[in-house]
Amino acid sequence: MALTGRTDGPPLPVPGGPATAVRGGLLAIHSLAARMGRSPVLPDSRLLGERAATAGFTRRGPYAPGGTFRLLRALDGGWIGVNLARQDDLDLVPALTERHVAEQAHWDALTVWAAGRPAAVCAERGQLLGLPVAVLGTPGTMDAQLVARAQHGRVRPFLLNPAGEALAPSGRERPLVVDLSALWAGPLCAHLLGLTGARVVKVESTSRPDGARRGPRAFYDLLHEGHEAIALDFADPDDLGLLRALLHRAQVVIEGSRPRAMAQLGIDPYAILARTPGLTWVSITAYGRTGPWSGRVGFGDDVAVAAGLVARDEFGVLPCGDAIADPLAGVHAAVAALACIGAGGGRLVDVAMRESAAAAVALPFGGGPAPVGLAVLPPVARVPSGRAAAHGEHRQSVIESLGLKPGRTGDGSRAVSAAASSAGSSNKPS
C-alpha cells in the first residue's frame, strides 16, 4: 500500500492478495527444502518492496514508483499501460504516435495518442512495434491467450510440461542452477534457490550485462551475493559451445527470454531437456511460451495491468506496487523449480508473469477501503551479507570446476563436455 496511490494522495489497498501469494509461495519453498534435508532462512512477503526500498521509490500514481510506466485513458473509456523502461522504447514513441515528439514530451504525446484510439488498438500497435503496452484486464475474464494456455477457471501461476527424463532424486546433492535471466523475476528465483543450498552460476553476455547492474547496487547484491558469474560472447561459436556444455550440466536452467531469442542462439530447451535427464528448465516470460501472445514483450508493471492488478480511486486506475508481477513470478518460479528438483526433474516450467499476477488477484483478500487505523509502513529491504560478483568474474573457475569444453552433441549442436555428453545420452522424445 505504501507504494500504491497518487503522489499527493493516501496509500491505497490492492485487489486480491499479492502479499498472501508471496507468503504462501515462501512457505511452500521452505516445506519443499525441508523434505530435502535443508532449513533455509527465507525472506518474507516484504520482498515485494525491496527494490523500491533500495532505490528510494515512493508511490507516484498515475506513474509506477519506478517512473517509467504510466496508465493512460483510451478513446473507448478503457485503460492502457505503457512502459518506457528502455531507451529503445523512448525512441519508438514517434513511430507509435506517428508524429514528431519533442524531447521530454513522450508522455504528453502518448496521452493525446491514446485518447484518440480504442484501448485494444493502442495495445495492438504498441506490441507490433515491440513496445510493452497492455490493455487493463478484467480479473476472471477469458481472452485468446488464456484460452490457448488452457487457463480456465482460476488462473494457475505456472504451467508444468513433461519435457524430458526424470531421475530418482537423491535429496541431498547440491543442485547446479544456471541463471540466464536478468532484472528481477528470474534472479529472484535463482536467489531463493540459492538460499535453499543450490549452486548458482549467472550467465551474462559480454556485450550486454544484466541491466539491473545499473540499478541500486544494494538490490543487485541482495539477489546475487554468493552466486558465480560468467560472461560469454553469444556471437562466438566457442562461447556458445561453452554455454551448451553448461546447460547440459545443470539441474535447473532459468531464463527470461521470449522463445525466439533462444532460437536465435540455436538453443532448443526441449532438445536439451530430452538429452539431459533430471534437468528442469524454468522459462519466465511476460505472457507465457505458448499462445498468440507468446511473442509479446512485457515488464512487471504492464503485465500486472494486463492481469487486472490495479488500484482505483475516484479519478481512475493506478499501478499497484513496484513492478509487482516480477516478484510474484520469481517466487512462483522458485516453488515450481524446487518441486521439480524434488521429483527428479524432466519438466519445463512455463511461468507467465501476467498469470502469476492474475493468480494473486484471484485470492479472496484485499480491495475495498483500507481499515480505519491501519498502519502503512514504508518498504524495507534485507541487508546483503556480501557483494555480488563482478561481470564475468568466475568464467575460468566455472569452466575448470565443471570440466567444460566445446564439443559436439549427437544433434549437431556445438559444445557439450564429455561428461555432459554421457549424461545426456537418452533418446527419449520430448
# chains A, B, ... in the order shown; residues from 1 in each chain; ligands from 1
>>> closest_atom_pairs(of="segment 263-361 of chain A", to="segment 58-63 of chain A", cutoff="10 Å", atoms="only C-alpha atoms", output="Markdown table")
| residue | atom | partner | partner_atom | distance |
| --- | --- | --- | --- | --- |
| A:Asp301 | CA | A:Tyr63 | CA | 9.8 |
| A:Ala311 | CA | A:Gly61 | CA | 9.9 |
| A:Phe315 | CA | A:Pro62 | CA | 9.9 |
| A:Gly316 | CA | A:Pro62 | CA | 8.9 |
| A:Val317 | CA | A:Pro62 | CA | 7.7 |
| A:Leu318 | CA | A:Pro62 | CA | 5.4 |
| A:Pro319 | CA | A:Gly61 | CA | 6.8 |
| A:Cys320 | CA | A:Arg59 | CA | 9.0 |
| A:Gly321 | CA | A:Arg59 | CA | 7.6 |
| A:Asp322 | CA | A:Arg59 | CA | 8.5 |
>>> write_last_selection(atoms="N, CA, C and O atoms", output="PDB file, in the first residue's frame")
ATOM      1  N   ASP A 301       5.242  -3.991 -14.376  1.00  0.00           N
ATOM      2  CA  ASP A 301       4.093  -3.103 -14.189  1.00  0.00           C
ATOM      3  C   ASP A 301       3.021  -3.329 -15.235  1.00  0.00           C
ATOM      4  O   ASP A 301       1.830  -3.411 -14.915  1.00  0.00           O
ATOM      5  N   ALA A 311      -5.017  -0.583  -8.643  1.00  0.00           N
ATOM      6  CA  ALA A 311      -5.798   0.072  -7.591  1.00  0.00           C
ATOM      7  C   ALA A 311      -6.719   1.102  -8.235  1.00  0.00           C
ATOM      8  O   ALA A 311      -6.528   1.494  -9.390  1.00  0.00           O
ATOM      9  N   PHE A 315     -10.527   9.083  -9.379  1.00  0.00           N
ATOM     10  CA  PHE A 315     -10.084   9.654 -10.650  1.00  0.00           C
ATOM     11  C   PHE A 315      -9.726   8.593 -11.684  1.00  0.00           C
ATOM     12  O   PHE A 315      -9.463   8.916 -12.832  1.00  0.00           O
ATOM     13  N   GLY A 316      -9.663   7.329 -11.291  1.00  0.00           N
ATOM     14  CA  GLY A 316      -9.328   6.293 -12.261  1.00  0.00           C
ATOM     15  C   GLY A 316      -8.555   5.145 -11.647  1.00  0.00           C
ATOM     16  O   GLY A 316      -8.730   4.824 -10.470  1.00  0.00           O
ATOM     17  N   VAL A 317      -7.718   4.537 -12.468  1.00  0.00           N
ATOM     18  CA  VAL A 317      -6.947   3.372 -12.020  1.00  0.00           C
ATOM     19  C   VAL A 317      -5.481   3.747 -11.866  1.00  0.00           C
ATOM     20  O   VAL A 317      -4.978   4.654 -12.541  1.00  0.00           O
ATOM     21  N   LEU A 318      -4.788   3.028 -10.977  1.00  0.00           N
ATOM     22  CA  LEU A 318      -3.407   3.332 -10.639  1.00  0.00           C
ATOM     23  C   LEU A 318      -2.589   2.044 -10.541  1.00  0.00           C
ATOM     24  O   LEU A 318      -3.125   0.985 -10.195  1.00  0.00           O
ATOM     25  N   PRO A 319      -1.295   2.100 -10.835  1.00  0.00           N
ATOM     26  CA  PRO A 319      -0.451   0.907 -10.704  1.00  0.00           C
ATOM     27  C   PRO A 319      -0.376   0.437  -9.255  1.00  0.00           C
ATOM     28  O   PRO A 319      -0.470   1.232  -8.316  1.00  0.00           O
ATOM     29  N   CYS A 320      -0.215  -0.862  -9.090  1.00  0.00           N
ATOM     30  CA  CYS A 320      -0.044  -1.456  -7.760  1.00  0.00           C
ATOM     31  C   CYS A 320       1.436  -1.726  -7.505  1.00  0.00           C
ATOM     32  O   CYS A 320       2.082  -2.452  -8.267  1.00  0.00           O
ATOM     33  N   GLY A 321       1.950  -1.184  -6.429  1.00  0.00           N
ATOM     34  CA  GLY A 321       3.305  -1.522  -6.012  1.00  0.00           C
ATOM     35  C   GLY A 321       4.346  -1.190  -7.062  1.00  0.00           C
ATOM     36  O   GLY A 321       4.133  -0.394  -7.981  1.00  0.00           O
ATOM     37  N   ASP A 322       5.499  -1.819  -6.915  1.00  0.00           N
ATOM     38  CA  ASP A 322       6.630  -1.592  -7.809  1.00  0.00           C
ATOM     39  C   ASP A 322       6.870  -2.839  -8.654  1.00  0.00           C
ATOM     40  O   ASP A 322       7.316  -3.867  -8.130  1.00  0.00           O
TER      41      ASP A 322
END
>>> residues_around(residues="Cys122 of chain A", least_positions_apart="3", cutoff="9 Å", atoms="only C-alpha atoms", output="MDAnalysis selection string")
chainID A and resid 74 80 96 113:114 117:119 125:127 133:135
>>> write_last_selection(atoms="C-alpha atoms", output="short mmCIF file (atom, residue, chain, number, x, y, z; two decimals), in the first residue's frame")
data_model
loop_
_atom_site.label_atom_id
_atom_site.label_comp_id
_atom_site.auth_asym_id
_atom_site.auth_seq_id
_atom_site.Cartn_x
_atom_site.Cartn_y
_atom_site.Cartn_z
CA ALA A 74 -8.17 5.38 -24.26
CA ILE A 80 -3.76 1.01 -21.33
CA LEU A 96 3.90 4.71 -32.30
CA TRP A 113 -2.45 9.46 -28.91
CA ALA A 114 -4.22 7.03 -26.54
CA ARG A 117 -7.95 5.28 -30.19
CA PRO A 118 -9.66 2.31 -28.55
CA ALA A 119 -7.55 0.55 -25.92
CA ARG A 125 0.00 -1.21 -32.43
CA GLY A 126 2.37 -0.93 -29.45
CA GLN A 127 3.08 -4.64 -29.39
CA VAL A 133 1.80 -1.83 -23.98
CA ALA A 134 -1.08 -3.67 -22.30
CA VAL A 135 -4.84 -3.26 -22.02
#
>>> closest_residue(among="A:Pro364, A:Gly298, A:Pro216, A:Pro209", to="Ile230 of chain A", atoms="only C-alpha atoms")
A:Pro209
>>> residues_around(residues="Ser31 of chain A", least_positions_apart="6", cutoff="12 Å", atoms="only C-alpha atoms", output="ChimeraX atom specification")
/A:24-25,37-42,196,335,338-339,342
>>> write_last_selection(atoms="C-alpha atoms", output="PDB file, in the first residue's frame")
ATOM      1  CA  GLY A  24       2.279 -18.888   0.589  1.00  0.00           C
ATOM      2  CA  GLY A  25       4.992 -19.405  -2.006  1.00  0.00           C
ATOM      3  CA  GLY A  37      17.055 -32.005   4.477  1.00  0.00           C
ATOM      4  CA  ARG A  38      17.585 -28.249   4.299  1.00  0.00           C
ATOM      5  CA  SER A  39      16.398 -25.475   6.551  1.00  0.00           C
ATOM      6  CA  PRO A  40      16.790 -22.211   4.621  1.00  0.00           C
ATOM      7  CA  VAL A  41      16.423 -18.741   6.080  1.00  0.00           C
ATOM      8  CA  LEU A  42      13.998 -17.097   3.684  1.00  0.00           C
ATOM      9  CA  THR A 196      17.964 -23.459  -0.220  1.00  0.00           C
ATOM     10  CA  VAL A 335       8.336 -23.024  -5.913  1.00  0.00           C
ATOM     11  CA  LEU A 338      12.214 -26.755  -6.211  1.00  0.00           C
ATOM     12  CA  ALA A 339       9.246 -29.107  -6.561  1.00  0.00           C
ATOM     13  CA  GLY A 342      12.497 -32.983  -5.622  1.00  0.00           C
TER      14      GLY A 342
END
>>> select_by_dssp(residues="segment 207-275 of chain A", states="alpha helix (DSSP H)", output="ChimeraX atom specification")
/A:217-224,237-249,259-264,269-275
>>> atom_distance(atom1="atom CA of Ala359 of chain A", atom2="atom CA of Leu273 of chain A")
27.6 Å
>>> closest_residue(among="A:Asp179, A:Glu314, A:Glu50, A:Asp350", to="Leu246 of chain A", atoms="only C-alpha atoms")
A:Asp179
>>> residues_around(residues="segment 323-326 of chain A", least_positions_apart="2", cutoff="7 Å", atoms="only C-alpha atoms", output="list in words")
Leu48, Trp184, Ala185, Gly300, Asp301, Val303, Ala304, Cys320, Gly321, Leu328, Ala329, Gly330, Met353, Arg354, Ser356 and Ala357 of chain A
>>> write_last_selection(atoms="N, CA and C atoms", output="compact mmCIF listing (two decimals), in the first residue's frame")
# COMPACT_ATOMS: atom_id res chain seq x y z
N LEU A 48 8.34 -7.91 -1.74
CA LEU A 48 7.65 -7.18 -2.79
C LEU A 48 8.13 -5.74 -2.91
N TRP A 184 14.64 -8.81 -12.48
CA TRP A 184 14.15 -9.14 -11.14
C TRP A 184 13.56 -10.54 -11.01
N ALA A 185 12.61 -10.90 -11.85
CA ALA A 185 11.88 -12.16 -11.63
C ALA A 185 12.80 -13.37 -11.64
N GLY A 300 7.19 -5.85 -15.36
CA GLY A 300 6.39 -6.13 -14.17
C GLY A 300 5.17 -5.27 -13.99
N ASP A 301 5.24 -3.99 -14.38
CA ASP A 301 4.09 -3.10 -14.19
C ASP A 301 3.02 -3.33 -15.23
N VAL A 303 2.44 -5.97 -17.29
CA VAL A 303 1.75 -7.27 -17.28
C VAL A 303 0.83 -7.40 -16.07
N ALA A 304 1.15 -6.69 -14.98
CA ALA A 304 0.23 -6.67 -13.85
C ALA A 304 -1.08 -6.00 -14.25
N CYS A 320 -0.21 -0.86 -9.09
CA CYS A 320 -0.04 -1.46 -7.76
C CYS A 320 1.44 -1.73 -7.50
N GLY A 321 1.95 -1.18 -6.43
CA GLY A 321 3.30 -1.52 -6.01
C GLY A 321 4.35 -1.19 -7.06
N LEU A 328 6.22 -11.62 -7.89
CA LEU A 328 5.24 -12.70 -7.87
C LEU A 328 5.69 -13.86 -8.75
N ALA A 329 6.15 -13.54 -9.95
CA ALA A 329 6.62 -14.59 -10.86
C ALA A 329 7.88 -15.27 -10.33
N GLY A 330 8.78 -14.49 -9.75
CA GLY A 330 10.02 -15.07 -9.23
C GLY A 330 9.78 -16.07 -8.12
N MET A 353 4.41 -14.09 -16.34
CA MET A 353 4.30 -13.09 -15.29
C MET A 353 2.86 -12.59 -15.15
N ARG A 354 2.19 -12.44 -16.28
CA ARG A 354 0.81 -11.99 -16.23
C ARG A 354 -0.07 -12.99 -15.48
N SER A 356 0.93 -15.13 -13.14
CA SER A 356 1.28 -15.08 -11.71
C SER A 356 0.54 -13.93 -11.04
N ALA A 357 0.45 -12.79 -11.74
CA ALA A 357 -0.28 -11.66 -11.19
C ALA A 357 -1.78 -11.95 -11.13
>>> closest_residue(among="A:Val331, A:Leu192, A:Glu228, A:Gly295", to="Gly392 of chain A", atoms="only C-alpha atoms")
A:Glu228
>>> select_by_dssp(residues="segment 95-267 of chain A", states="strand (DSSP E or B)", output="ChimeraX atom specification")
/A:133-135,159-162,176-179,199-205,225,228-232,252-255
>>> write_last_selection(atoms="C-alpha atoms", output="CSV table (one decimal), in the first residue's frame")
chain,number,residue,atom,x,y,z
A,133,VAL,CA,1.8,-1.8,-24.0
A,134,ALA,CA,-1.1,-3.7,-22.3
A,135,VAL,CA,-4.8,-3.3,-22.0
A,159,LEU,CA,2.4,-24.5,-16.0
A,160,LEU,CA,4.4,-27.7,-15.8
A,161,ASN,CA,5.1,-29.6,-19.1
A,162,PRO,CA,6.7,-33.0,-19.1
A,176,LEU,CA,23.6,-26.6,-10.1
A,177,VAL,CA,21.4,-23.7,-11.2
A,178,VAL,CA,22.3,-21.9,-14.4
A,179,ASP,CA,20.7,-18.4,-14.4
A,199,ARG,CA,25.0,-23.6,-6.5
A,200,VAL,CA,24.0,-20.7,-8.8
A,201,VAL,CA,26.0,-19.7,-11.9
A,202,LYS,CA,24.8,-16.4,-13.5
A,203,VAL,CA,25.5,-16.2,-17.3
A,204,GLU,CA,25.6,-12.8,-19.0
A,205,SER,CA,26.5,-11.5,-22.4
A,225,GLU,CA,25.5,-12.5,-3.5
A,228,GLU,CA,29.2,-17.2,-9.5
A,229,ALA,CA,29.3,-15.0,-12.6
A,230,ILE,CA,30.5,-15.8,-16.1
A,231,ALA,CA,30.3,-13.7,-19.3
A,232,LEU,CA,30.1,-15.3,-22.8
A,252,VAL,CA,18.0,-26.2,-13.3
A,253,VAL,CA,18.1,-23.6,-16.0
A,254,ILE,CA,16.4,-20.2,-15.5
A,255,GLU,CA,15.8,-18.0,-18.5
>>> closest_residue(among="A:Gly197, A:Gly346, A:His152, A:His332", to="Ala34 of chain A", atoms="only C-alpha atoms")
A:Gly197
>>> atom_distance(atom1="atom CA of Ile267 of chain A", atom2="atom CA of Gln151 of chain A")
27.3 Å
>>> closest_residue(among="A:Arg35, A:His227, A:Arg387, A:Arg382", to="Pro169 of chain A", atoms="only C-alpha atoms")
A:Arg35
>>> residues_around(residues="Tyr220 of chain A", least_positions_apart="3", cutoff="10 Å", atoms="only C-alpha atoms", output="list in words")
Arg51, Thr54, Leu183, Trp184, Pro187, Asp210, Ala212, Arg213, Arg214, Gly215, Pro216, Arg217, Leu223, His224, Glu225, Pro384, Arg387, Ala388 and Ala389 of chain A
>>> write_last_selection(atoms="N, CA, C and O atoms", output="CSV table (one decimal), in the first residue's frame")
chain,number,residue,atom,x,y,z
A,51,ARG,N,13.1,-3.7,-3.9
A,51,ARG,CA,13.7,-2.9,-4.9
A,51,ARG,C,13.4,-1.4,-4.7
A,51,ARG,O,14.3,-0.5,-4.7
A,54,THR,N,15.5,0.0,-1.7
A,54,THR,CA,16.9,0.3,-2.0
A,54,THR,C,17.0,1.4,-3.0
A,54,THR,O,18.0,2.2,-3.0
A,183,LEU,N,17.3,-8.7,-14.6
A,183,LEU,CA,16.4,-7.8,-13.9
A,183,LEU,C,15.9,-8.4,-12.6
A,183,LEU,O,16.7,-8.6,-11.7
A,184,TRP,N,14.6,-8.8,-12.5
A,184,TRP,CA,14.2,-9.1,-11.1
A,184,TRP,C,13.6,-10.5,-11.0
A,184,TRP,O,14.0,-11.3,-10.1
A,187,PRO,N,16.3,-13.6,-11.5
A,187,PRO,CA,17.2,-13.5,-10.5
A,187,PRO,C,16.7,-13.8,-9.1
A,187,PRO,O,17.3,-14.3,-8.2
A,210,ASP,N,23.5,-7.8,-17.4
A,210,ASP,CA,22.2,-7.6,-16.8
A,210,ASP,C,22.0,-6.1,-16.5
A,210,ASP,O,22.8,-5.5,-15.9
A,212,ALA,N,20.1,-4.8,-14.5
A,212,ALA,CA,20.0,-4.5,-13.1
A,212,ALA,C,21.3,-4.1,-12.5
A,212,ALA,O,21.3,-3.5,-11.4
A,213,ARG,N,22.4,-4.3,-13.2
A,213,ARG,CA,23.7,-3.9,-12.6
A,213,ARG,C,23.7,-2.3,-12.6
A,213,ARG,O,24.5,-1.7,-11.9
A,214,ARG,N,22.9,-1.7,-13.5
A,214,ARG,CA,22.9,-0.2,-13.5
A,214,ARG,C,21.9,0.3,-12.4
A,214,ARG,O,21.8,1.6,-12.3
A,215,GLY,N,21.2,-0.5,-11.8
A,215,GLY,CA,20.3,-0.1,-10.7
A,215,GLY,C,20.9,0.0,-9.4
A,215,GLY,O,22.2,0.1,-9.3
A,216,PRO,N,20.1,0.1,-8.3
A,216,PRO,CA,20.7,0.1,-7.0
A,216,PRO,C,21.7,-1.0,-6.7
A,216,PRO,O,21.3,-2.2,-6.8
A,217,ARG,N,22.9,-0.7,-6.3
A,217,ARG,CA,23.9,-1.8,-6.0
A,217,ARG,C,23.4,-2.7,-4.9
A,217,ARG,O,23.6,-3.9,-5.0
A,223,LEU,N,20.3,-9.9,-4.5
A,223,LEU,CA,19.8,-11.0,-5.3
A,223,LEU,C,20.9,-11.9,-5.8
A,223,LEU,O,20.7,-13.1,-6.2
A,224,HIS,N,22.2,-11.4,-5.8
A,224,HIS,CA,23.2,-12.2,-6.5
A,224,HIS,C,24.4,-12.5,-5.6
A,224,HIS,O,25.4,-13.2,-6.1
A,225,GLU,N,24.4,-12.1,-4.3
A,225,GLU,CA,25.5,-12.5,-3.5
A,225,GLU,C,25.7,-14.0,-3.4
A,225,GLU,O,24.7,-14.7,-3.3
A,384,PRO,N,22.3,-7.0,2.3
A,384,PRO,CA,23.1,-8.0,1.7
A,384,PRO,C,24.3,-8.4,2.7
A,384,PRO,O,24.8,-7.5,3.3
A,387,ARG,N,29.0,-8.9,-1.4
A,387,ARG,CA,28.9,-8.2,-2.7
A,387,ARG,C,28.6,-9.3,-3.8
A,387,ARG,O,29.1,-10.4,-3.7
A,388,ALA,N,27.9,-8.8,-4.8
A,388,ALA,CA,27.7,-9.7,-6.0
A,388,ALA,C,29.0,-9.7,-6.8
A,388,ALA,O,29.8,-8.8,-6.7
A,389,ALA,N,29.1,-10.8,-7.5
A,389,ALA,CA,30.3,-11.0,-8.3
A,389,ALA,C,30.3,-10.0,-9.4
A,389,ALA,O,29.3,-9.6,-9.9
>>> closest_residue(among="A:Val310, A:Leu75, A:Val101, A:Val14", to="Ala115 of chain A", atoms="only C-alpha atoms")
A:Leu75
